[in-house]
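Enquirer: Let me begin by handing over the structure; questions about it come next.
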Amino acid sequence: MAPSLLGAILRHGEVAVRITEVEAYNGASDPASHAYRGRTARNAVMFGPSGHLYLYFNYGMHWAANVVCGPDGRAAGALLRSGEVVEGFDVARSRRGTATDRDLARGPGRLTQALGLTSAQRGTYVFGAGPVTLIRPTIEGVAVASGPRVGVSLEADRPWRFWIAGDPYVSAYRRSPRAGPPAVPELP
DNA sequence: ACAAGGATTCACT
DNA sequence: GTGAATCCTTGTA
């Protein structure tokens, strides 16, 4: 599911973002997933049917958005890590302070801020006519690259981060210091 | 009830 | 490249 979201257009009101980078999390078998230890109040949405938004607050200041991917009862999600604002620049800029246009939605916290996604959108279904919509491209024309996950201390080297190869709107890769040495050493 | 640490960003060097 | 800001969730006592 996760790589199939690359190139999709996520819209909330006037702002629309083209998704350039995602990261997959699979609850039951994935120690890095918020759902690994079972259902809680925070992750409940991920245990529901696919197509809904799992939003969580992180580092005391940022919201991050996942599209729930698994069938009802099995937790899985795709974290929306980065995107390119393609519509609604005035609104997006007003929410993003001094950021350059390239950085308006380049990163998980930046993406939700540009789109105005917070707890108010928790659980929203995105494949219908609701306030938040996600439209996948009719033609698969993107070159997909994959690699280790960002920010997680466990199972970081599962190559479950997917991005559009060469796209300037992909976020900067930074390995978590808690993830230990990389399985495959990074190139200088 | 308490402590730990996090699916990050920004300013500054 | 480094460090600070900041608060919620979770595991353990």
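Every chain in the structure tokens has a letter given in the order shown (A, B, ...), and although residue numbers restart at 1 in each chain, ligands are simply numbered from 1 in the order shown.
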Pick out each residue of segment 1-150 of chain A that DSSP on the backbone tags as helix (DSSP H, G or I); I need them as a ChimeraX atom specification.
Expert: /A:2-5,44-47,89-95,101-103,108-115,119-121
Enquirer: Restricting it to C-alpha atoms, dump the selection as a CSV table (one decimal), in the first residue's frame.
Expert:
```csv
chain,number,residue,atom,x,y,z
A,2,ALA,CA,2.6,2.5,1.1
A,3,PRO,CA,4.5,3.0,-2.2
A,4,SER,CA,1.2,3.1,-4.1
A,5,LEU,CA,0.5,6.4,-2.3
A,44,ALA,CA,-7.2,2.9,18.1
A,45,VAL,CA,-7.8,4.4,14.6
A,46,MET,CA,-5.1,2.1,13.1
A,47,PHE,CA,-7.0,-1.0,14.2
A,89,PHE,CA,0.3,28.4,-1.4
A,90,ASP,CA,-1.0,31.5,0.4
A,91,VAL,CA,-2.7,29.5,3.1
A,92,ALA,CA,0.2,27.0,3.4
A,93,ARG,CA,2.7,29.8,3.7
A,94,SER,CA,0.7,31.5,6.4
A,95,ARG,CA,0.8,28.4,8.4
A,101,ASP,CA,8.3,27.0,-0.7
A,102,ARG,CA,10.4,23.8,-1.0
A,103,ASP,CA,10.1,23.2,2.7
A,108,PRO,CA,6.1,14.8,8.4
A,109,GLY,CA,5.5,17.7,10.8
A,110,ARG,CA,5.7,20.3,8.1
A,111,LEU,CA,3.3,18.4,5.9
A,112,THR,CA,0.6,18.3,8.5
A,113,GLN,CA,1.2,21.9,9.4
A,114,ALA,CA,0.9,23.1,5.8
A,115,LEU,CA,-2.3,21.2,5.4
A,119,SER,CA,-6.5,16.1,16.3
A,120,ALA,CA,-9.6,17.7,14.7
A,121,GLN,CA,-9.1,15.5,11.7
```
Enquirer: Kindly determine which residues of chain B lie within 7 Å of chain A, considering only C-alpha atoms (C1' of nucleotides), and give the answer as an MDAnalysis selection string.
Expert: chainID B and resid 6:8
Enquirer: Identify all chain C residues at most 7 Å from chain A by counting only C-alpha atoms (C1' of nucleotides); ligands do not count. Present them as a PyMOL selection string.
Expert: chain C and resi 6-8
Enquirer: Distance atom CA of Glu21 of chain A-atom C1' of DG1 of chain C, one decimal place?
Expert: 24.1 Å
